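File shown: my_file.cif. Contents: mmCIF, C-alpha atoms.
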data_structure
#
loop_
_atom_site.label_atom_id
_atom_site.label_comp_id
_atom_site.auth_asym_id
_atom_site.auth_seq_id
_atom_site.Cartn_x
_atom_site.Cartn_y
_atom_site.Cartn_z
CA MET A 22 0.00 0.00 0.00
CA LEU A 23 2.82 2.43 0.86
CA ARG A 24 4.60 1.66 -2.40
CA GLY A 25 1.38 2.20 -4.35
CA PHE A 26 0.63 5.58 -2.77
CA LEU A 27 4.22 6.75 -3.16
CA ASP A 28 4.29 5.72 -6.82
CA PHE A 29 0.93 7.45 -7.35
CA HIS A 30 2.37 10.72 -6.04
CA ARG A 31 5.54 10.33 -8.10
CA ALA A 32 3.40 9.82 -11.21
CA THR A 33 1.25 12.82 -10.29
CA LEU A 34 4.29 15.09 -10.19
CA ALA A 35 5.38 13.86 -13.62
CA LEU A 36 1.84 14.40 -14.95
CA LYS A 37 1.77 17.98 -13.66
CA CYS A 38 4.92 18.69 -15.68
CA GLU A 39 3.93 16.80 -18.82
CA GLY A 40 3.85 18.75 -22.09
CA LEU A 41 5.57 21.88 -20.77
CA ASP A 42 8.81 23.32 -22.12
CA ASP A 43 11.79 24.35 -19.99
CA GLU A 44 10.69 27.98 -19.78
CA GLN A 45 7.24 27.01 -18.54
CA LEU A 46 8.68 24.52 -16.05
CA ARG A 47 11.00 27.24 -14.68
CA ARG A 48 8.16 29.78 -14.29
CA ARG A 49 8.09 30.94 -10.68
CA ALA A 50 5.02 31.16 -8.49
CA GLY A 51 5.77 34.81 -7.69
CA PRO A 52 8.53 36.98 -6.24
CA PRO A 53 10.42 36.49 -4.04
CA SER A 54 9.71 32.74 -4.19
CA THR A 55 11.86 30.53 -6.41
CA LEU A 56 9.11 27.87 -6.42
CA SER A 57 8.52 26.37 -9.86
CA LEU A 58 7.56 22.99 -11.26
CA LEU A 59 11.16 22.33 -12.25
CA GLY A 60 12.29 23.40 -8.79
CA LEU A 61 9.87 20.88 -7.28
CA VAL A 62 11.30 18.10 -9.46
CA ARG A 63 14.82 19.04 -8.35
CA HIS A 64 13.76 19.28 -4.69
CA LEU A 65 12.07 15.88 -4.76
CA ALA A 66 15.21 14.35 -6.28
CA GLU A 67 17.04 15.64 -3.19
CA VAL A 68 14.31 14.26 -0.91
CA GLU A 69 14.47 10.80 -2.50
CA ARG A 70 18.28 10.83 -2.35
CA THR A 71 18.39 11.93 1.28
CA TRP A 72 15.79 9.63 2.77
CA PHE A 73 16.51 6.43 0.89
CA ARG A 74 20.20 6.58 0.02
CA ARG A 75 21.65 8.70 2.82
CA VAL A 76 19.34 7.70 5.68
CA ILE A 77 18.16 4.12 5.01
CA ASN A 78 21.14 2.94 2.95
CA GLY A 79 23.74 4.90 4.96
CA GLU A 80 25.46 6.26 1.84
CA ASP A 81 27.83 9.16 2.41
CA LEU A 82 27.09 11.37 -0.57
CA PRO A 83 26.30 15.05 -1.09
CA LEU A 84 23.04 16.52 -2.24
CA VAL A 85 22.57 16.70 -6.01
CA TRP A 86 22.51 20.52 -6.25
CA SER A 87 24.30 21.63 -3.10
CA ALA A 88 27.68 20.46 -1.87
CA ASP A 89 27.12 22.24 1.46
CA GLY A 90 23.76 20.61 2.25
CA ASP A 91 21.45 23.53 1.39
CA TYR A 92 18.12 21.88 0.53
CA GLN A 93 16.75 25.20 -0.73
CA ALA A 94 19.29 25.32 -3.60
CA ALA A 95 17.29 22.79 -5.60
CA TYR A 96 14.29 25.12 -5.74
CA ASP A 97 16.20 27.69 -7.78
CA ALA A 98 15.87 26.23 -11.28
CA THR A 99 17.30 29.32 -13.00
CA GLY A 100 19.18 27.97 -16.01
CA ALA A 101 18.21 24.38 -15.23
CA THR A 102 16.85 22.11 -17.93
CA SER A 103 14.06 19.61 -17.70
CA ALA A 104 16.38 16.97 -19.16
CA GLU A 105 18.90 17.22 -16.30
CA ALA A 106 16.28 17.68 -13.58
CA PHE A 107 14.12 14.76 -14.68
CA ALA A 108 17.15 12.52 -15.27
CA ALA A 109 18.36 13.20 -11.71
CA TRP A 110 14.88 12.74 -10.22
CA GLN A 111 14.22 9.51 -12.12
CA ALA A 112 17.64 8.14 -11.15
CA GLU A 113 16.95 8.86 -7.48
CA VAL A 114 13.48 7.30 -7.70
CA GLU A 115 15.05 4.14 -9.15
CA HIS A 116 17.64 4.05 -6.33
CA SER A 117 14.81 4.48 -3.82
CA ARG A 118 12.77 1.66 -5.35
CA ARG A 119 15.80 -0.64 -5.36
CA ILE A 120 16.56 0.11 -1.69
CA GLU A 121 12.93 -0.33 -0.65
CA ARG A 122 12.53 -3.62 -2.50
CA ALA A 123 15.80 -5.01 -1.16
CA ALA A 124 14.89 -4.27 2.47
CA GLU A 125 13.94 -7.33 4.47
CA SER A 126 11.04 -5.44 6.05
CA LEU A 127 9.58 -2.00 6.65
CA ASP A 128 11.18 -2.16 10.10
CA VAL A 129 14.69 -1.67 8.65
CA THR A 130 16.12 1.51 10.13
CA GLY A 131 18.60 4.19 9.25
CA TYR A 132 19.95 7.20 11.08
CA GLN A 133 18.43 10.60 10.29
CA ALA A 134 21.11 13.03 11.48
CA ARG A 135 18.89 16.11 11.28
CA TRP A 136 16.47 14.47 13.71
CA GLY A 137 19.18 12.73 15.73
CA ALA A 138 17.18 9.50 15.56
CA GLU A 139 16.86 6.09 13.98
CA VAL A 140 13.93 5.97 11.57
CA SER A 141 12.23 3.00 9.95
CA LEU A 142 11.74 2.45 6.24
CA ARG A 143 8.01 2.59 7.01
CA LEU A 144 8.39 6.11 8.43
CA VAL A 145 10.52 7.14 5.43
CA MET A 146 7.88 5.97 2.98
CA LEU A 147 5.12 7.73 4.92
CA HIS A 148 7.24 10.89 5.06
CA LEU A 149 7.79 10.80 1.29
CA ILE A 150 4.08 10.29 0.63
CA HIS A 151 3.45 13.38 2.77
CA GLU A 152 6.21 15.34 1.04
CA TYR A 153 4.96 14.50 -2.46
CA ALA A 154 1.32 15.14 -1.54
CA ARG A 155 2.17 18.59 -0.18
CA HIS A 156 4.28 19.51 -3.19
CA ASN A 157 1.77 18.08 -5.64
CA GLY A 158 -0.67 20.60 -4.19
CA HIS A 159 1.84 23.31 -5.09
CA ALA A 160 2.21 21.72 -8.53
CA ASP A 161 -1.56 21.94 -9.05
CA PHE A 162 -1.50 25.70 -8.60
CA LEU A 163 1.70 26.19 -10.59
CA ARG A 164 0.38 24.20 -13.56
CA GLU A 165 -2.97 25.96 -13.57
CA ALA A 166 -1.21 29.34 -13.59
CA ILE A 167 0.89 28.29 -16.60
CA ASP A 168 -1.77 26.99 -18.97
CA GLY A 169 -5.01 26.43 -17.08
CA VAL A 170 -4.66 22.64 -16.84
CA VAL A 171 -6.18 21.23 -13.67
CA GLY A 172 -6.69 17.75 -12.17
CA ALA A 173 -4.43 14.79 -11.65
#

Show me the file's structure as structure tokens.
Amino acid sequence: MLRGFLDFHRATLALKCEGLDDEQLRRRAGPPSTLSLLGLVRHLAEVERTWFRRVINGEDLPLVWSADGDYQAAYDATGATSAEAFAAWQAEVEHSRRIERAAESLDVTGYQARWGAEVSLRLVMLHLIHEYARHNGHADFLREAIDGVVGA
């Protein structure tokens, strides 16, 4: 069930971006915010990478778009392309799926340094469902402002 809901939200993000060019995907919600559809794709690549690879798998690797750990850097898609953003996001989603499927149970844990706590794969999947759901709400508004398209 967790896998199904997480995959639904991943697919919803992709759907919200479908058919738009790079300029449209980079269009910001409004000053001073850097929020854009492309920024959301980049941010969610960081989220996937952090929670599955860094936390559950214990991999020591930097963020995709910030060597110093600034999660906000991904939101600024100025000059970014959909090709590089979607390639990074899809690669991280595939890593996440591999890690999740290889786990012996949802009770597998990893250390979340920002929280100073061990967290289960179950909690990670629930957290990502929450993260995608929240950002897909943003994506709804962003997409409607670009070309009027609504719905999932």

Residues matched by the PyMOL selection byres ((chain A and resi 58) around 10), written as a PyMOL selection string: chain A and resi 34-35+37-38+41+43+45-50+55-57+59-64+96+98+103+156-157+159-164

Chain and number of each residue from the PyMOL selection byres ((chain A and resi 153) around 8), as a VMD selection string: chain A and resid 27 30 to 31 34 65 149 to 152 154 to 157

Using only C-alpha atoms, which residues sit within 8 Å of Leu84 in chain A once same-chain residues fewer than 6 positions away are excluded, as a compact mmCIF listing (two decimals) with C-alpha atoms, in the coordinates of the input?
# COMPACT_ATOMS: atom_id res chain seq x y z
CA GLU A 67 17.04 15.64 -3.19
CA ARG A 70 18.28 10.83 -2.35
CA THR A 71 18.39 11.93 1.28
CA GLY A 90 23.76 20.61 2.25
CA TYR A 92 18.12 21.88 0.53

Near-Arg135 in chain A list (12 Å; all atoms listed in the file; drop same-chain fewer than 4 positions) as a ChimeraX atom specification: /A:71-72,75-76,90,139-140

Gap from CA of His148 in chain A to CA of Glu39 in chain A - Å, one decimal: 24.8 Å

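If you look at CA of Glu44 in chain A and CA of Ala66 in chain A, they are 19.7 Å away from each other.
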
All residues 12 Å or closer to Ser126 in chain A, only C-alpha atoms, same chain fewer than 4 positions away omitted, as a CSV table (one decimal) with C-alpha atoms, in the frame of the given file:
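The result, stored in selection-v5.csv:
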chain,number,residue,atom,x,y,z
A,77,ILE,CA,18.2,4.1,5.0
A,120,ILE,CA,16.6,0.1,-1.7
A,121,GLU,CA,12.9,-0.3,-0.6
A,122,ARG,CA,12.5,-3.6,-2.5
A,130,THR,CA,16.1,1.5,10.1
A,141,SER,CA,12.2,3.0,10.0
A,142,LEU,CA,11.7,2.4,6.2
A,143,ARG,CA,8.0,2.6,7.0

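The gap separating CA of Phe107 in chain A from CA of Ala123 in chain A is 24.0 Å, in Å to one decimal.
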